[in-house]
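Structure file run_11.csv with CSV, C-alpha atoms:
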```
chain,number,residue,atom,x,y,z
A,1,MET,CA,-39.5,-7.9,-26.8
A,2,LYS,CA,-36.7,-5.3,-27.2
A,3,LEU,CA,-39.3,-2.6,-27.7
A,4,LYS,CA,-41.1,-3.6,-24.5
A,5,LEU,CA,-37.8,-3.6,-22.6
A,6,ILE,CA,-36.9,-0.1,-23.9
A,7,ILE,CA,-40.4,1.3,-23.1
A,8,GLY,CA,-40.2,-0.2,-19.6
A,9,PHE,CA,-36.8,1.3,-19.1
A,10,LEU,CA,-38.0,4.7,-20.3
A,11,PHE,CA,-40.9,4.6,-17.8
A,12,VAL,CA,-38.5,3.8,-15.0
A,13,ILE,CA,-36.2,6.7,-16.0
A,14,LEU,CA,-39.2,9.1,-16.3
A,15,GLY,CA,-40.7,7.9,-13.0
A,16,LEU,CA,-37.4,8.5,-11.1
A,17,THR,CA,-36.9,11.9,-12.8
A,18,SER,CA,-40.4,13.0,-11.8
A,19,LEU,CA,-40.0,11.9,-8.2
A,20,ASN,CA,-36.8,13.8,-8.0
A,21,SER,CA,-38.3,16.9,-9.5
A,22,CYS,CA,-41.2,16.8,-7.0
A,23,ASN,CA,-38.8,17.1,-4.1
A,24,LYS,CA,-39.1,20.7,-3.1
A,25,CYS,CA,-36.0,20.4,-1.0
A,26,ASN,CA,-33.8,19.1,-3.8
A,27,ASN,CA,-30.6,21.1,-4.0
A,28,TYR,CA,-31.6,23.3,-1.1
A,29,ASP,CA,-29.5,23.2,2.0
A,30,CYS,CA,-30.4,25.2,5.1
A,31,PHE,CA,-29.0,24.6,8.5
A,32,THR,CA,-28.8,26.8,11.6
A,33,PRO,CA,-26.6,25.3,14.4
A,34,PRO,CA,-27.6,25.2,18.1
A,35,THR,CA,-27.0,28.3,20.2
A,36,ASN,CA,-23.5,28.3,21.6
A,37,TYR,CA,-23.5,29.7,25.2
A,38,ARG,CA,-20.3,31.2,26.6
A,39,PHE,CA,-19.9,31.2,30.4
A,40,ILE,CA,-18.1,33.9,32.3
A,41,ILE,CA,-17.2,33.2,36.0
A,42,MET,CA,-17.7,36.5,37.8
A,43,ASP,CA,-17.1,38.2,41.2
A,44,SER,CA,-20.2,40.2,41.8
A,45,ALA,CA,-18.5,42.3,44.5
A,46,ASN,CA,-16.1,43.9,42.0
A,47,GLY,CA,-17.4,42.8,38.6
A,48,GLN,CA,-14.1,41.1,37.7
A,49,ASP,CA,-13.8,37.9,35.7
A,50,LEU,CA,-12.3,35.4,38.1
A,51,ILE,CA,-10.5,33.4,35.4
A,52,TYR,CA,-9.3,36.5,33.5
A,53,ASN,CA,-7.8,38.0,36.7
A,54,LYS,CA,-6.2,34.6,37.5
A,55,THR,CA,-8.2,33.8,40.7
A,56,PHE,CA,-8.9,30.5,39.0
A,57,GLU,CA,-6.7,28.8,36.5
A,58,THR,CA,-8.4,27.2,33.5
A,59,ARG,CA,-6.9,23.9,34.2
A,60,PHE,CA,-9.0,23.8,37.4
A,61,VAL,CA,-12.3,24.4,35.6
A,62,LYS,CA,-14.1,21.3,34.3
A,63,VAL,CA,-17.4,20.7,32.7
A,64,PHE,CA,-19.4,17.4,33.2
A,65,ASN,CA,-22.7,16.1,31.8
A,66,ASN,CA,-25.4,14.5,33.9
A,67,LEU,CA,-23.7,11.1,33.6
A,68,GLY,CA,-20.6,12.5,35.3
A,69,GLN,CA,-18.6,12.4,32.1
A,70,SER,CA,-16.2,15.1,31.2
A,71,VAL,CA,-17.4,17.4,28.5
A,72,GLU,CA,-14.9,18.8,26.0
A,73,HIS,CA,-14.6,22.6,26.4
A,74,ASN,CA,-12.2,25.4,25.7
A,75,PHE,CA,-11.4,28.9,26.9
A,76,TYR,CA,-10.7,32.1,25.0
A,77,ALA,CA,-9.8,35.5,26.4
A,78,ASP,CA,-11.0,38.8,25.1
A,79,SER,CA,-8.6,41.5,26.3
A,80,ASN,CA,-10.9,44.3,25.3
A,81,LEU,CA,-13.7,43.0,27.6
A,82,GLN,CA,-11.3,41.6,30.1
A,83,HIS,CA,-13.2,38.3,30.1
A,84,THR,CA,-12.3,34.7,29.6
A,85,PHE,CA,-15.1,32.7,28.1
A,86,LEU,CA,-15.7,29.0,28.8
A,87,ASN,CA,-17.2,27.5,25.6
A,88,THR,CA,-18.4,24.0,24.7
A,89,ASN,CA,-20.2,22.3,21.8
A,90,ALA,CA,-21.9,19.9,24.2
A,91,PHE,CA,-25.2,21.7,23.8
A,92,TRP,CA,-25.5,20.4,20.2
A,93,GLU,CA,-26.5,17.0,21.6
A,94,THR,CA,-29.0,17.8,24.3
A,95,ASN,CA,-32.2,16.0,24.8
A,96,PRO,CA,-34.7,15.8,27.7
A,97,ASP,CA,-32.6,13.0,29.2
A,98,GLN,CA,-29.2,14.7,28.8
A,99,CYS,CA,-29.6,18.4,29.4
A,100,ASN,CA,-28.1,18.8,32.9
A,101,PHE,CA,-24.5,19.9,33.2
A,102,GLU,CA,-22.1,21.0,36.0
A,103,ILE,CA,-19.1,23.3,36.0
A,104,ARG,CA,-16.6,22.4,38.7
A,105,ILE,CA,-14.1,25.1,39.7
A,106,HIS,CA,-11.5,24.9,42.4
A,107,ASN,CA,-8.3,26.5,43.7
A,108,ASP,CA,-6.3,26.0,46.9
A,109,THR,CA,-9.0,27.4,49.2
A,110,SER,CA,-12.4,26.9,47.4
A,111,GLU,CA,-14.4,24.5,45.3
A,112,TYR,CA,-17.6,25.5,43.5
A,113,LYS,CA,-20.1,23.4,41.6
A,114,VAL,CA,-22.4,25.3,39.2
A,115,LEU,CA,-25.4,23.2,38.1
A,116,PHE,CA,-27.2,24.2,35.0
A,117,THR,CA,-29.6,23.0,32.4
A,118,VAL,CA,-29.4,23.5,28.6
A,119,LEU,CA,-32.1,22.0,26.4
A,120,GLN,CA,-32.1,22.7,22.7
A,121,MET,CA,-34.3,20.7,20.4
A,122,GLU,CA,-33.7,20.1,16.7
A,123,HIS,CA,-36.5,21.0,14.3
A,124,ASN,CA,-37.0,20.5,10.5
A,125,GLU,CA,-39.3,22.8,8.7
A,126,ASN,CA,-39.4,24.2,5.1
A,127,CYS,CA,-36.3,22.2,4.1
A,128,CYS,CA,-34.3,23.7,7.0
A,129,THR,CA,-32.9,22.3,10.1
A,130,PHE,CA,-32.7,24.6,13.1
A,131,TYR,CA,-32.6,24.4,16.9
A,132,SER,CA,-34.8,26.1,19.5
A,133,MET,CA,-33.8,26.8,23.0
A,134,GLU,CA,-36.4,25.0,25.2
A,135,LYS,CA,-34.7,25.5,28.6
A,136,PHE,CA,-31.7,27.3,30.1
A,137,ASN,CA,-31.3,27.6,33.8
A,138,VAL,CA,-28.4,28.1,36.2
A,139,PHE,CA,-28.9,26.7,39.7
A,140,SER,CA,-27.2,27.4,43.0
A,141,TYR,CA,-25.5,30.7,41.9
A,142,LYS,CA,-26.9,34.0,40.7
A,143,SER,CA,-26.5,34.5,37.0
A,144,SER,CA,-27.4,36.8,34.2
A,145,ILE,CA,-27.8,36.0,30.5
A,146,ASP,CA,-27.1,38.4,27.6
A,147,LYS,CA,-29.4,36.8,25.0
A,148,ASN,CA,-27.9,39.0,22.2
A,149,LEU,CA,-24.3,37.7,22.8
A,150,MET,CA,-25.4,34.4,24.4
A,151,ASN,CA,-23.1,35.1,27.3
A,152,CYS,CA,-24.0,33.8,30.7
A,153,GLU,CA,-22.3,35.5,33.7
A,154,ILE,CA,-22.2,33.3,36.8
A,155,TYR,CA,-21.5,35.1,40.1
A,156,LEU,CA,-19.7,32.7,42.4
A,157,ASN,CA,-20.0,34.8,45.6
A,158,GLU,CA,-23.8,34.9,45.3
A,159,ALA,CA,-25.2,31.5,46.1
A,160,LEU,CA,-28.9,31.0,45.8
```

Spell out the structure here as structure tokens.
Amino acid sequence: MKLKLIIGFLFVILGLTSLNSCNKCNNYDCFTPPTNYRFIIMDSANGQDLIYNKTFETRFVKVFNNLGQSVEHNFYADSNLQHTFLNTNAFWETNPDQCNFEIRIHNDTSEYKVLFTVLQMEHNENCCTFYSMEKFNVFSYKSSIDKNLMNCEIYLNEAL
């Protein structure tokens, strides 16, 4: 009886070991995060960044998702480029039902609403997780995208 129990236990151990050794992704970790777009609010007339030159204060720039909920975001300034970048990790959680966003900007005299869509989809292939950009559009204002730096310049004085 003990011999049968020991043999059965060995078969279980060998079976679990062989299953683990057949997993080609065992001890292999590969992850590429979603693209992180940085927005620059520009004046197309003079090429200046409207936040960097203090036309708009960062406290008056808000980002919302399609449910009207505030999206966490931050700003950082690059004194060499003379740009202030609006940055958010909200695009990590996009799906076809939650890919529309809005940047609201205001000062004493003006209010702007910049509508845009960001859709990134998660994929798993060859033991790796990565994201692909399915859709990126800015509506209501002229914009340009530098795909190498992932910067999106939005020109507030050029409505579409």

Query raised in the report: Which of these, A:Lys62, A:Lys147, A:His123, A:Lys142, has the shortest distance to A:Asp43 once you count only C-alpha atoms?
Result: A:Lys142

**Report entry** Selection: 9 Å around A:Thr117, all atoms listed in the file, excl. self and same-chain fewer than 2 positions, as a list in words
**Finding:** Cys99, Asn100, Phe101, Glu102, Leu115, Leu119, Lys135, Phe136, Asn137, Val138 and Phe139 of chain A

Report summary line: Taken to one decimal, the atom CA of A:Thr109-atom CA of A:Val63 distance is 19.7 Å

**Report entry** A:Phe85, A:Phe31, A:Phe64, A:Trp92 ranked by distance to A:Asp49, top pick (using only C-alpha atoms)
**Finding:**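 Between A:Phe85, A:Phe31, A:Phe64, A:Trp92, the residue approaching A:Asp49 most closely is A:Phe85.
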
Query - A:Leu86 surroundings by all atoms listed in the file, 6 Å radius, close-in-sequence under 6 positions cut, as a PyMOL selection string - result: chain A and resi 38-39+74-75

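If only C-alpha atoms are the atoms counted, then among A:Val114, A:Met133, A:Cys25, A:Cys30 the closest residue to A:Met150 is A:Met133.
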
Report task. Rounded to one decimal place, report the atom CA of A:Ile105-atom CA of A:Leu149 distance in Å. Result -> 23.4 Å

Report task. Counting only C-alpha atoms, note down every residue that has an atom within 12 Å of the point (-24.8, 22.6, 12.5) (file coordinates), as a PyMOL selection string. Result -> chain A and resi 29-36+89+91-93+122-123+128-131

Report task. Can you work out the spacing between atom CA of A:Asp97 and atom CA of A:Cys152 in Å, to one decimal? Result ->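 Between atom CA of A:Asp97 and atom CA of A:Cys152 the gap is 22.6 Å.
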
**Report entry** Neighbour list for stretch 53-58 of chain A as number ranges by chain, cut-off 12 Å, only C-alpha atoms, skip fewer than 3 positions in-chain
**Finding:** A: 40-43, 46-50, 61-63, 73-77, 79, 81-87, 103-112, 156
